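Colleague: Just data-v8.txt, nothing more (compact mmCIF, N, CA and C atoms):
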# COMPACT_ATOMS: atom_id res chain seq x y z
N SER A 1 40.30 -35.33 -23.85
CA SER A 1 41.07 -35.58 -22.65
C SER A 1 40.21 -36.28 -21.60
N ILE A 2 40.79 -36.74 -20.54
CA ILE A 2 40.07 -37.51 -19.52
C ILE A 2 39.07 -36.62 -18.79
N GLY A 3 39.44 -35.42 -18.49
CA GLY A 3 38.53 -34.49 -17.80
C GLY A 3 37.30 -34.20 -18.62
N CYS A 4 37.48 -33.97 -19.91
CA CYS A 4 36.37 -33.68 -20.81
C CYS A 4 35.45 -34.90 -20.92
N LEU A 5 36.04 -36.08 -21.03
CA LEU A 5 35.27 -37.32 -21.12
C LEU A 5 34.49 -37.54 -19.83
N SER A 6 35.13 -37.29 -18.71
CA SER A 6 34.47 -37.44 -17.42
C SER A 6 33.29 -36.49 -17.31
N LEU A 7 33.46 -35.26 -17.77
CA LEU A 7 32.40 -34.27 -17.73
C LEU A 7 31.23 -34.68 -18.63
N ARG A 8 31.55 -35.20 -19.81
CA ARG A 8 30.50 -35.64 -20.74
C ARG A 8 29.73 -36.82 -20.14
N LEU A 9 30.45 -37.77 -19.56
CA LEU A 9 29.78 -38.92 -18.94
C LEU A 9 28.90 -38.47 -17.78
N SER A 10 29.40 -37.52 -17.01
CA SER A 10 28.63 -36.99 -15.89
C SER A 10 27.35 -36.33 -16.40
N CYS A 11 27.46 -35.54 -17.46
CA CYS A 11 26.28 -34.87 -18.03
C CYS A 11 25.30 -35.88 -18.59
N LEU A 12 25.81 -36.89 -19.30
CA LEU A 12 24.94 -37.91 -19.88
C LEU A 12 24.24 -38.71 -18.78
N THR A 13 24.95 -39.01 -17.72
CA THR A 13 24.35 -39.73 -16.60
C THR A 13 23.25 -38.90 -15.97
N THR A 14 23.50 -37.61 -15.79
CA THR A 14 22.49 -36.72 -15.21
C THR A 14 21.27 -36.66 -16.10
N ILE A 15 21.46 -36.52 -17.38
CA ILE A 15 20.34 -36.46 -18.31
C ILE A 15 19.59 -37.78 -18.32
N TYR A 16 20.32 -38.88 -18.34
CA TYR A 16 19.74 -40.22 -18.35
C TYR A 16 18.86 -40.41 -17.11
N LEU A 17 19.39 -40.05 -15.92
CA LEU A 17 18.62 -40.20 -14.69
C LEU A 17 17.43 -39.26 -14.67
N SER A 18 17.61 -38.03 -15.15
CA SER A 18 16.50 -37.07 -15.21
C SER A 18 15.38 -37.61 -16.08
N PHE A 19 15.74 -38.25 -17.18
CA PHE A 19 14.74 -38.80 -18.09
C PHE A 19 13.94 -39.89 -17.38
N PHE A 20 14.62 -40.76 -16.64
CA PHE A 20 13.90 -41.82 -15.95
C PHE A 20 13.05 -41.27 -14.81
N PHE A 21 13.52 -40.25 -14.09
CA PHE A 21 12.69 -39.64 -13.06
C PHE A 21 11.47 -38.99 -13.69
N PHE A 22 11.63 -38.41 -14.87
CA PHE A 22 10.50 -37.83 -15.59
C PHE A 22 9.47 -38.91 -15.89
N LEU A 23 9.92 -40.09 -16.25
CA LEU A 23 9.00 -41.18 -16.58
C LEU A 23 8.31 -41.75 -15.34
N MET A 24 8.89 -41.51 -14.16
CA MET A 24 8.32 -42.08 -12.95
C MET A 24 7.33 -41.15 -12.25
N ILE A 25 6.99 -40.02 -12.86
CA ILE A 25 6.06 -39.08 -12.24
C ILE A 25 4.71 -39.75 -12.06
N ARG A 26 4.10 -39.59 -10.90
CA ARG A 26 2.79 -40.18 -10.63
C ARG A 26 1.71 -39.53 -11.47
N ARG A 27 0.69 -40.28 -11.76
CA ARG A 27 -0.48 -39.73 -12.43
C ARG A 27 -1.26 -38.90 -11.41
N PRO A 28 -1.99 -37.89 -11.88
CA PRO A 28 -2.80 -37.10 -10.94
C PRO A 28 -4.02 -37.91 -10.51
N PRO A 29 -4.70 -37.47 -9.45
CA PRO A 29 -5.92 -38.17 -9.06
C PRO A 29 -6.96 -38.08 -10.18
N ARG A 30 -7.93 -38.97 -10.16
CA ARG A 30 -8.94 -39.02 -11.22
C ARG A 30 -9.78 -37.75 -11.29
N SER A 31 -9.69 -36.90 -10.28
CA SER A 31 -10.45 -35.64 -10.32
C SER A 31 -9.88 -34.67 -11.35
N THR A 32 -8.65 -34.94 -11.83
CA THR A 32 -8.01 -34.08 -12.83
C THR A 32 -8.20 -34.71 -14.21
N LEU A 33 -9.44 -34.76 -14.66
CA LEU A 33 -9.72 -35.36 -15.96
C LEU A 33 -9.83 -34.33 -17.06
N SER A 34 -9.68 -33.07 -16.72
CA SER A 34 -9.79 -32.02 -17.71
C SER A 34 -8.74 -32.21 -18.80
N SER A 35 -9.20 -32.19 -20.04
CA SER A 35 -8.26 -32.39 -21.15
C SER A 35 -7.38 -31.17 -21.38
N SER A 36 -7.73 -30.05 -20.76
CA SER A 36 -6.94 -28.83 -20.98
C SER A 36 -5.92 -28.60 -19.87
N SER A 37 -5.91 -29.46 -18.85
CA SER A 37 -4.97 -29.21 -17.74
C SER A 37 -3.54 -29.49 -18.17
N ALA A 38 -2.62 -28.76 -17.56
CA ALA A 38 -1.20 -28.94 -17.88
C ALA A 38 -0.75 -30.35 -17.50
N ALA A 39 -1.28 -30.86 -16.38
CA ALA A 39 -0.92 -32.21 -15.95
C ALA A 39 -1.34 -33.23 -17.00
N SER A 40 -2.51 -33.03 -17.55
CA SER A 40 -3.01 -33.95 -18.58
C SER A 40 -2.06 -33.97 -19.78
N ASP A 41 -1.59 -32.80 -20.19
CA ASP A 41 -0.67 -32.72 -21.33
C ASP A 41 0.64 -33.44 -21.02
N VAL A 42 1.12 -33.29 -19.80
CA VAL A 42 2.37 -33.95 -19.41
C VAL A 42 2.21 -35.46 -19.48
N TYR A 43 1.10 -35.95 -18.97
CA TYR A 43 0.90 -37.40 -18.95
C TYR A 43 0.66 -37.95 -20.34
N LYS A 44 0.05 -37.16 -21.21
CA LYS A 44 -0.11 -37.61 -22.60
C LYS A 44 1.25 -37.77 -23.25
N ARG A 45 2.15 -36.79 -23.03
CA ARG A 45 3.49 -36.89 -23.60
C ARG A 45 4.25 -38.07 -23.00
N GLN A 46 4.04 -38.31 -21.70
CA GLN A 46 4.72 -39.42 -21.03
C GLN A 46 4.26 -40.74 -21.65
N ASP A 47 2.95 -40.88 -21.90
CA ASP A 47 2.42 -42.10 -22.51
C ASP A 47 3.03 -42.31 -23.90
N VAL A 48 3.15 -41.24 -24.68
CA VAL A 48 3.74 -41.34 -26.01
C VAL A 48 5.20 -41.77 -25.91
N ALA A 49 5.95 -41.20 -24.95
CA ALA A 49 7.36 -41.55 -24.77
C ALA A 49 7.49 -43.02 -24.38
N LEU A 50 6.66 -43.49 -23.47
CA LEU A 50 6.71 -44.89 -23.05
C LEU A 50 6.35 -45.83 -24.19
N THR A 51 5.32 -45.45 -24.95
CA THR A 51 4.89 -46.27 -26.09
C THR A 51 6.01 -46.36 -27.11
N THR A 52 6.67 -45.22 -27.37
CA THR A 52 7.76 -45.19 -28.35
C THR A 52 8.88 -46.13 -27.92
N ILE A 53 9.22 -46.12 -26.63
CA ILE A 53 10.30 -46.95 -26.13
C ILE A 53 9.91 -48.43 -26.15
N THR A 54 8.72 -48.74 -25.66
CA THR A 54 8.34 -50.15 -25.54
C THR A 54 7.96 -50.78 -26.88
N ASP A 55 7.44 -49.98 -27.83
CA ASP A 55 7.03 -50.53 -29.12
C ASP A 55 8.15 -50.55 -30.15
N SER A 56 9.28 -49.98 -29.82
CA SER A 56 10.37 -49.90 -30.78
C SER A 56 10.99 -51.27 -31.01
N SER A 57 11.37 -51.49 -32.27
CA SER A 57 12.05 -52.75 -32.60
C SER A 57 13.54 -52.66 -32.31
N GLN A 58 14.01 -51.47 -31.99
CA GLN A 58 15.43 -51.27 -31.68
C GLN A 58 15.70 -51.66 -30.23
N PRO A 59 16.94 -51.99 -29.93
CA PRO A 59 17.28 -52.30 -28.53
C PRO A 59 17.04 -51.08 -27.64
N LEU A 60 16.73 -51.34 -26.40
CA LEU A 60 16.43 -50.28 -25.44
C LEU A 60 17.58 -49.29 -25.32
N GLU A 61 18.82 -49.78 -25.36
CA GLU A 61 19.99 -48.90 -25.24
C GLU A 61 20.03 -47.89 -26.39
N THR A 62 19.67 -48.36 -27.60
CA THR A 62 19.68 -47.47 -28.77
C THR A 62 18.61 -46.40 -28.64
N VAL A 63 17.41 -46.84 -28.24
CA VAL A 63 16.30 -45.89 -28.09
C VAL A 63 16.63 -44.85 -27.02
N LEU A 64 17.14 -45.34 -25.89
CA LEU A 64 17.50 -44.41 -24.81
C LEU A 64 18.66 -43.51 -25.21
N GLY A 65 19.62 -44.06 -25.95
CA GLY A 65 20.73 -43.24 -26.42
C GLY A 65 20.26 -42.11 -27.31
N GLU A 66 19.30 -42.42 -28.18
CA GLU A 66 18.73 -41.38 -29.06
C GLU A 66 17.99 -40.33 -28.23
N LYS A 67 17.25 -40.79 -27.24
CA LYS A 67 16.51 -39.85 -26.37
C LYS A 67 17.48 -38.95 -25.61
N VAL A 68 18.55 -39.55 -25.09
CA VAL A 68 19.56 -38.77 -24.35
C VAL A 68 20.22 -37.77 -25.28
N ALA A 69 20.52 -38.19 -26.52
CA ALA A 69 21.13 -37.27 -27.48
C ALA A 69 20.20 -36.10 -27.77
N LYS A 70 18.91 -36.39 -27.93
CA LYS A 70 17.93 -35.31 -28.19
C LYS A 70 17.85 -34.36 -26.99
N LEU A 71 17.80 -34.95 -25.79
CA LEU A 71 17.77 -34.12 -24.59
C LEU A 71 19.04 -33.29 -24.47
N SER A 72 20.18 -33.85 -24.84
CA SER A 72 21.45 -33.11 -24.80
C SER A 72 21.41 -31.93 -25.76
N ARG A 73 20.89 -32.17 -26.97
CA ARG A 73 20.78 -31.07 -27.95
C ARG A 73 19.84 -29.98 -27.43
N ASP A 74 18.72 -30.41 -26.85
CA ASP A 74 17.78 -29.43 -26.29
C ASP A 74 18.43 -28.63 -25.17
N LEU A 75 19.19 -29.33 -24.34
CA LEU A 75 19.88 -28.66 -23.23
C LEU A 75 20.90 -27.65 -23.75
N GLU A 76 21.66 -28.03 -24.77
CA GLU A 76 22.64 -27.11 -25.36
C GLU A 76 21.96 -25.89 -25.96
N HIS A 77 20.82 -26.13 -26.63
CA HIS A 77 20.07 -25.02 -27.23
C HIS A 77 19.58 -24.06 -26.15
N ARG A 78 19.04 -24.63 -25.07
CA ARG A 78 18.55 -23.77 -23.98
C ARG A 78 19.70 -23.03 -23.30
N ALA A 79 20.84 -23.69 -23.14
CA ALA A 79 22.01 -23.03 -22.54
C ALA A 79 22.48 -21.87 -23.41
N LYS A 80 22.48 -22.09 -24.74
CA LYS A 80 22.89 -21.02 -25.66
C LYS A 80 21.92 -19.85 -25.57
N ALA A 81 20.62 -20.15 -25.55
CA ALA A 81 19.62 -19.08 -25.44
C ALA A 81 19.77 -18.34 -24.12
N SER A 82 20.04 -19.08 -23.05
CA SER A 82 20.23 -18.47 -21.74
C SER A 82 21.46 -17.56 -21.74
N ASN A 83 22.54 -18.00 -22.37
CA ASN A 83 23.75 -17.18 -22.45
C ASN A 83 23.50 -15.90 -23.25
N GLU A 84 22.72 -16.01 -24.33
CA GLU A 84 22.40 -14.83 -25.12
C GLU A 84 21.60 -13.82 -24.31
N VAL A 85 20.65 -14.31 -23.52
CA VAL A 85 19.85 -13.42 -22.66
C VAL A 85 20.75 -12.78 -21.62
N GLU A 86 21.67 -13.56 -21.05
CA GLU A 86 22.58 -13.03 -20.04
C GLU A 86 23.46 -11.92 -20.62
N VAL A 87 23.98 -12.13 -21.83
CA VAL A 87 24.81 -11.11 -22.48
C VAL A 87 24.00 -9.84 -22.73
N ARG A 88 22.76 -10.02 -23.22
CA ARG A 88 21.91 -8.86 -23.49
C ARG A 88 21.62 -8.08 -22.20
N LEU A 89 21.31 -8.80 -21.12
CA LEU A 89 21.01 -8.14 -19.85
C LEU A 89 22.24 -7.44 -19.28
N LYS A 90 23.41 -8.05 -19.44
CA LYS A 90 24.64 -7.40 -18.97
C LYS A 90 24.89 -6.12 -19.75
N GLY A 91 24.61 -6.14 -21.06
CA GLY A 91 24.75 -4.93 -21.88
C GLY A 91 23.81 -3.84 -21.41
N GLN A 92 22.56 -4.23 -21.12
CA GLN A 92 21.59 -3.25 -20.63
C GLN A 92 22.02 -2.69 -19.29
N LEU A 93 22.54 -3.56 -18.42
CA LEU A 93 23.00 -3.13 -17.11
C LEU A 93 24.18 -2.16 -17.25
N SER A 94 25.08 -2.46 -18.18
CA SER A 94 26.22 -1.59 -18.42
C SER A 94 25.75 -0.21 -18.90
N ASN A 95 24.77 -0.21 -19.83
CA ASN A 95 24.22 1.06 -20.32
C ASN A 95 23.58 1.84 -19.18
N GLN A 96 22.85 1.15 -18.32
CA GLN A 96 22.22 1.83 -17.19
C GLN A 96 23.28 2.39 -16.26
N GLY A 97 24.38 1.67 -16.09
CA GLY A 97 25.48 2.17 -15.25
C GLY A 97 26.07 3.45 -15.82
N LEU A 98 26.22 3.49 -17.15
CA LEU A 98 26.73 4.71 -17.80
C LEU A 98 25.77 5.87 -17.62
N ILE A 99 24.48 5.59 -17.74
CA ILE A 99 23.46 6.64 -17.56
C ILE A 99 23.50 7.16 -16.13
N ILE A 100 23.61 6.25 -15.16
CA ILE A 100 23.67 6.66 -13.76
C ILE A 100 24.91 7.52 -13.50
N ASP A 101 26.05 7.10 -14.04
CA ASP A 101 27.28 7.89 -13.88
C ASP A 101 27.12 9.28 -14.47
N SER A 102 26.51 9.35 -15.64
CA SER A 102 26.29 10.64 -16.30
C SER A 102 25.37 11.54 -15.46
N LEU A 103 24.30 10.94 -14.93
CA LEU A 103 23.37 11.72 -14.10
C LEU A 103 24.03 12.19 -12.81
N GLN A 104 24.88 11.35 -12.22
CA GLN A 104 25.58 11.75 -11.00
C GLN A 104 26.54 12.90 -11.27
N ALA A 105 27.21 12.86 -12.41
CA ALA A 105 28.12 13.95 -12.78
C ALA A 105 27.33 15.24 -12.99
N GLU A 106 26.18 15.14 -13.66
CA GLU A 106 25.33 16.32 -13.88
C GLU A 106 24.81 16.87 -12.57
N LEU A 107 24.40 15.98 -11.66
CA LEU A 107 23.92 16.40 -10.35
C LEU A 107 25.02 17.12 -9.58
N SER A 108 26.23 16.59 -9.62
CA SER A 108 27.35 17.21 -8.93
C SER A 108 27.63 18.61 -9.49
N LYS A 109 27.56 18.72 -10.82
CA LYS A 109 27.78 20.02 -11.48
C LYS A 109 26.71 21.04 -11.06
N VAL A 110 25.45 20.60 -11.05
CA VAL A 110 24.36 21.51 -10.67
C VAL A 110 24.49 21.91 -9.20
N LYS A 111 24.87 20.95 -8.35
CA LYS A 111 25.04 21.25 -6.93
C LYS A 111 26.15 22.28 -6.73
N THR A 112 27.26 22.13 -7.43
CA THR A 112 28.37 23.08 -7.32
C THR A 112 27.93 24.46 -7.78
N GLU A 113 27.22 24.50 -8.91
CA GLU A 113 26.74 25.80 -9.43
C GLU A 113 25.77 26.44 -8.45
N SER A 114 24.89 25.64 -7.83
CA SER A 114 23.93 26.18 -6.86
C SER A 114 24.64 26.73 -5.64
N GLU A 115 25.66 26.02 -5.17
CA GLU A 115 26.41 26.51 -4.01
C GLU A 115 27.11 27.82 -4.33
N GLU A 116 27.65 27.94 -5.55
CA GLU A 116 28.30 29.20 -5.95
C GLU A 116 27.28 30.33 -6.03
N GLU A 117 26.08 30.04 -6.54
CA GLU A 117 25.04 31.07 -6.61
C GLU A 117 24.59 31.51 -5.22
N ILE A 118 24.50 30.55 -4.29
CA ILE A 118 24.11 30.88 -2.91
C ILE A 118 25.16 31.79 -2.28
N LYS A 119 26.44 31.50 -2.48
CA LYS A 119 27.51 32.35 -1.94
C LYS A 119 27.44 33.76 -2.53
N LEU A 120 27.18 33.82 -3.84
CA LEU A 120 27.08 35.13 -4.49
C LEU A 120 25.90 35.93 -3.94
N LEU A 121 24.75 35.25 -3.75
CA LEU A 121 23.56 35.93 -3.21
C LEU A 121 23.80 36.37 -1.76
N GLU A 122 24.47 35.56 -0.98
CA GLU A 122 24.79 35.96 0.41
C GLU A 122 25.72 37.16 0.42
N SER A 123 26.67 37.17 -0.51
CA SER A 123 27.59 38.30 -0.61
C SER A 123 26.84 39.57 -0.99
N GLU A 124 25.94 39.46 -1.99
CA GLU A 124 25.14 40.63 -2.39
C GLU A 124 24.23 41.08 -1.27
N ASN A 125 23.68 40.13 -0.51
CA ASN A 125 22.80 40.47 0.61
C ASN A 125 23.59 41.24 1.67
N GLY A 126 24.82 40.77 1.96
CA GLY A 126 25.67 41.48 2.93
C GLY A 126 26.00 42.89 2.45
N TYR A 127 26.29 43.04 1.16
CA TYR A 127 26.60 44.36 0.60
C TYR A 127 25.39 45.28 0.73
N LEU A 128 24.19 44.74 0.44
CA LEU A 128 22.96 45.57 0.55
C LEU A 128 22.71 45.98 1.99
N LYS A 129 22.95 45.10 2.95
CA LYS A 129 22.78 45.43 4.37
C LYS A 129 23.69 46.60 4.75
N LYS A 130 24.96 46.51 4.33
CA LYS A 130 25.92 47.58 4.65
C LYS A 130 25.49 48.89 4.01
N THR A 131 25.01 48.82 2.77
CA THR A 131 24.56 50.03 2.07
C THR A 131 23.40 50.66 2.80
N LEU A 132 22.45 49.84 3.24
CA LEU A 132 21.29 50.37 3.98
C LEU A 132 21.73 50.99 5.30
N GLU A 133 22.65 50.34 6.00
CA GLU A 133 23.11 50.85 7.29
C GLU A 133 23.87 52.18 7.12
N THR A 134 24.68 52.30 6.06
CA THR A 134 25.43 53.55 5.86
C THR A 134 24.51 54.68 5.47
N ASN A 135 23.37 54.40 4.89
CA ASN A 135 22.42 55.44 4.50
C ASN A 135 21.35 55.64 5.57
N CYS A 136 21.59 55.08 6.76
CA CYS A 136 20.72 55.24 7.91
C CYS A 136 19.31 54.68 7.69
N ILE A 137 19.21 53.69 6.91
CA ILE A 137 17.91 53.02 6.71
C ILE A 137 17.96 51.72 7.49
N PRO A 138 17.06 51.57 8.48
CA PRO A 138 17.12 50.35 9.32
C PRO A 138 16.79 49.10 8.48
N TYR A 139 17.54 48.09 8.75
CA TYR A 139 17.33 46.80 8.03
C TYR A 139 16.36 45.94 8.82
N LYS A 140 15.34 45.45 8.13
CA LYS A 140 14.36 44.56 8.78
C LYS A 140 14.46 43.19 8.11
N HIS A 141 14.39 42.19 8.94
CA HIS A 141 14.46 40.79 8.44
C HIS A 141 13.18 40.44 7.76
Any chance you could give the structure as structure tokens?

Modeller:
Amino acid sequence: SIGCLSLRLSCLTTIYLSFFFFLMIRRPPRSTLSSSSAASDVYKRQDVALTTITDSSQPLETVLGEKVAKLSRDLEHRAKASNEVEVRLKGQLSNQGLIIDSLQAELSKVKTESEEEIKLLESENGYLKKTLETNCIPYKH
């Protein structure tokens, strides 16, 4: 449909532009000559990508189309992995919610039982006070 086609073109355009912005990244200053630096690795990959595009016997549109297709597949793979992580985390969150609900119910039950025990102890304390008073034994706090 037209909406789907428009969305695909929009995605391809975004990927296409992102790829060119990636190629336009400045080189680091010459003080970053360490072969182990992350920047060095990025620029090595950039040089390989540029060499592949410029040395190819295929038309530029074909080479870029293949690159965009690869980036699209990578993007879909990452989106799928991200969705799987999201589902797993939502499941964990749901389980934690059930545990919290269970603990709150247990806490409420223990609180009710404690209140009933306090009332019973107060009642027994009042009975003991009356018993002491009727037997003429002074009650001391």

Colleague: Between atom CA of Thr112 of chain A and atom C of Gln92 of chain A, what is the distance in Å, rounded to a tenth?

Modeller: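 Straight-line distance from atom CA of Thr112 of chain A to atom C of Gln92 of chain A works out to 29.1 Å.
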
Colleague: Can you work out the spacing between atom C of Leu71 of chain A and atom C of Thr13 of chain A in Å, to one decimal?

Modeller: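 Answer for the atom C of Leu71 of chain A to atom C of Thr13 of chain A separation: 11.0 Å.
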
Colleague: Just give me the gap between atom CA of Leu75 of chain A and atom CA of Leu60 of chain A in Å, one decimal is fine.

Modeller: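 We find that atom CA of Leu75 of chain A and atom CA of Leu60 of chain A lie 22.0 Å from each other.
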
Colleague: Please enclose the listed atoms of segment 64-68 of chain A in an axis-aligned box, pad each side by 8 Å, and write out the centre and the three edge lengths in Å, rounded to one decimal, as JSON.

Modeller:
{"center_x": 18.6, "center_y": -41.6, "center_z": -26.7, "size_x": 20.2, "size_y": 23.6, "size_z": 20.7}

Colleague: Some atoms are absent from segment 70-87 of chain A, so rebuild N, CA, C and O atoms and return them as a PDB file, in the coordinates of the input.

Modeller:
ATOM      1  N   LYS A  70      18.910 -36.390 -27.930  1.00  0.00           N
ATOM      2  CA  LYS A  70      17.930 -35.310 -28.190  1.00  0.00           C
ATOM      3  C   LYS A  70      17.850 -34.360 -26.990  1.00  0.00           C
ATOM      4  O   LYS A  70      17.858 -33.145 -27.150  1.00  0.00           O
ATOM      5  N   LEU A  71      17.800 -34.950 -25.790  1.00  0.00           N
ATOM      6  CA  LEU A  71      17.770 -34.120 -24.590  1.00  0.00           C
ATOM      7  C   LEU A  71      19.040 -33.290 -24.470  1.00  0.00           C
ATOM      8  O   LEU A  71      18.999 -32.125 -24.050  1.00  0.00           O
ATOM      9  N   SER A  72      20.180 -33.850 -24.840  1.00  0.00           N
ATOM     10  CA  SER A  72      21.450 -33.110 -24.800  1.00  0.00           C
ATOM     11  C   SER A  72      21.410 -31.930 -25.760  1.00  0.00           C
ATOM     12  O   SER A  72      21.855 -30.830 -25.425  1.00  0.00           O
ATOM     13  N   ARG A  73      20.890 -32.170 -26.970  1.00  0.00           N
ATOM     14  CA  ARG A  73      20.780 -31.070 -27.950  1.00  0.00           C
ATOM     15  C   ARG A  73      19.840 -29.980 -27.430  1.00  0.00           C
ATOM     16  O   ARG A  73      20.134 -28.787 -27.543  1.00  0.00           O
ATOM     17  N   ASP A  74      18.720 -30.410 -26.850  1.00  0.00           N
ATOM     18  CA  ASP A  74      17.780 -29.430 -26.290  1.00  0.00           C
ATOM     19  C   ASP A  74      18.430 -28.630 -25.170  1.00  0.00           C
ATOM     20  O   ASP A  74      18.259 -27.413 -25.076  1.00  0.00           O
ATOM     21  N   LEU A  75      19.190 -29.330 -24.340  1.00  0.00           N
ATOM     22  CA  LEU A  75      19.880 -28.660 -23.230  1.00  0.00           C
ATOM     23  C   LEU A  75      20.900 -27.650 -23.750  1.00  0.00           C
ATOM     24  O   LEU A  75      21.001 -26.524 -23.247  1.00  0.00           O
ATOM     25  N   GLU A  76      21.660 -28.030 -24.770  1.00  0.00           N
ATOM     26  CA  GLU A  76      22.640 -27.110 -25.360  1.00  0.00           C
ATOM     27  C   GLU A  76      21.960 -25.890 -25.960  1.00  0.00           C
ATOM     28  O   GLU A  76      22.428 -24.761 -25.818  1.00  0.00           O
ATOM     29  N   HIS A  77      20.820 -26.130 -26.630  1.00  0.00           N
ATOM     30  CA  HIS A  77      20.070 -25.020 -27.230  1.00  0.00           C
ATOM     31  C   HIS A  77      19.580 -24.060 -26.150  1.00  0.00           C
ATOM     32  O   HIS A  77      19.695 -22.840 -26.284  1.00  0.00           O
ATOM     33  N   ARG A  78      19.040 -24.630 -25.070  1.00  0.00           N
ATOM     34  CA  ARG A  78      18.550 -23.770 -23.980  1.00  0.00           C
ATOM     35  C   ARG A  78      19.700 -23.030 -23.300  1.00  0.00           C
ATOM     36  O   ARG A  78      19.562 -21.878 -22.928  1.00  0.00           O
ATOM     37  N   ALA A  79      20.840 -23.690 -23.140  1.00  0.00           N
ATOM     38  CA  ALA A  79      22.010 -23.030 -22.540  1.00  0.00           C
ATOM     39  C   ALA A  79      22.480 -21.870 -23.410  1.00  0.00           C
ATOM     40  O   ALA A  79      22.817 -20.800 -22.915  1.00  0.00           O
ATOM     41  N   LYS A  80      22.480 -22.090 -24.740  1.00  0.00           N
ATOM     42  CA  LYS A  80      22.890 -21.020 -25.660  1.00  0.00           C
ATOM     43  C   LYS A  80      21.920 -19.850 -25.570  1.00  0.00           C
ATOM     44  O   LYS A  80      22.340 -18.684 -25.493  1.00  0.00           O
ATOM     45  N   ALA A  81      20.620 -20.150 -25.550  1.00  0.00           N
ATOM     46  CA  ALA A  81      19.620 -19.080 -25.440  1.00  0.00           C
ATOM     47  C   ALA A  81      19.770 -18.340 -24.120  1.00  0.00           C
ATOM     48  O   ALA A  81      19.682 -17.109 -24.059  1.00  0.00           O
ATOM     49  N   SER A  82      20.040 -19.080 -23.050  1.00  0.00           N
ATOM     50  CA  SER A  82      20.230 -18.470 -21.740  1.00  0.00           C
ATOM     51  C   SER A  82      21.460 -17.560 -21.740  1.00  0.00           C
ATOM     52  O   SER A  82      21.419 -16.454 -21.185  1.00  0.00           O
ATOM     53  N   ASN A  83      22.540 -18.000 -22.370  1.00  0.00           N
ATOM     54  CA  ASN A  83      23.750 -17.180 -22.450  1.00  0.00           C
ATOM     55  C   ASN A  83      23.500 -15.900 -23.250  1.00  0.00           C
ATOM     56  O   ASN A  83      23.999 -14.827 -22.894  1.00  0.00           O
ATOM     57  N   GLU A  84      22.720 -16.010 -24.330  1.00  0.00           N
ATOM     58  CA  GLU A  84      22.400 -14.830 -25.120  1.00  0.00           C
ATOM     59  C   GLU A  84      21.600 -13.820 -24.310  1.00  0.00           C
ATOM     60  O   GLU A  84      21.851 -12.610 -24.368  1.00  0.00           O
ATOM     61  N   VAL A  85      20.650 -14.310 -23.520  1.00  0.00           N
ATOM     62  CA  VAL A  85      19.850 -13.420 -22.660  1.00  0.00           C
ATOM     63  C   VAL A  85      20.750 -12.780 -21.620  1.00  0.00           C
ATOM     64  O   VAL A  85      20.654 -11.575 -21.351  1.00  0.00           O
ATOM     65  N   GLU A  86      21.670 -13.560 -21.050  1.00  0.00           N
ATOM     66  CA  GLU A  86      22.580 -13.030 -20.040  1.00  0.00           C
ATOM     67  C   GLU A  86      23.460 -11.920 -20.620  1.00  0.00           C
ATOM     68  O   GLU A  86      23.632 -10.869 -19.998  1.00  0.00           O
ATOM     69  N   VAL A  87      23.980 -12.130 -21.830  1.00  0.00           N
ATOM     70  CA  VAL A  87      24.810 -11.110 -22.480  1.00  0.00           C
ATOM     71  C   VAL A  87      24.000  -9.840 -22.730  1.00  0.00           C
ATOM     72  O   VAL A  87      24.472  -8.728 -22.471  1.00  0.00           O
TER      73      VAL A  87
END
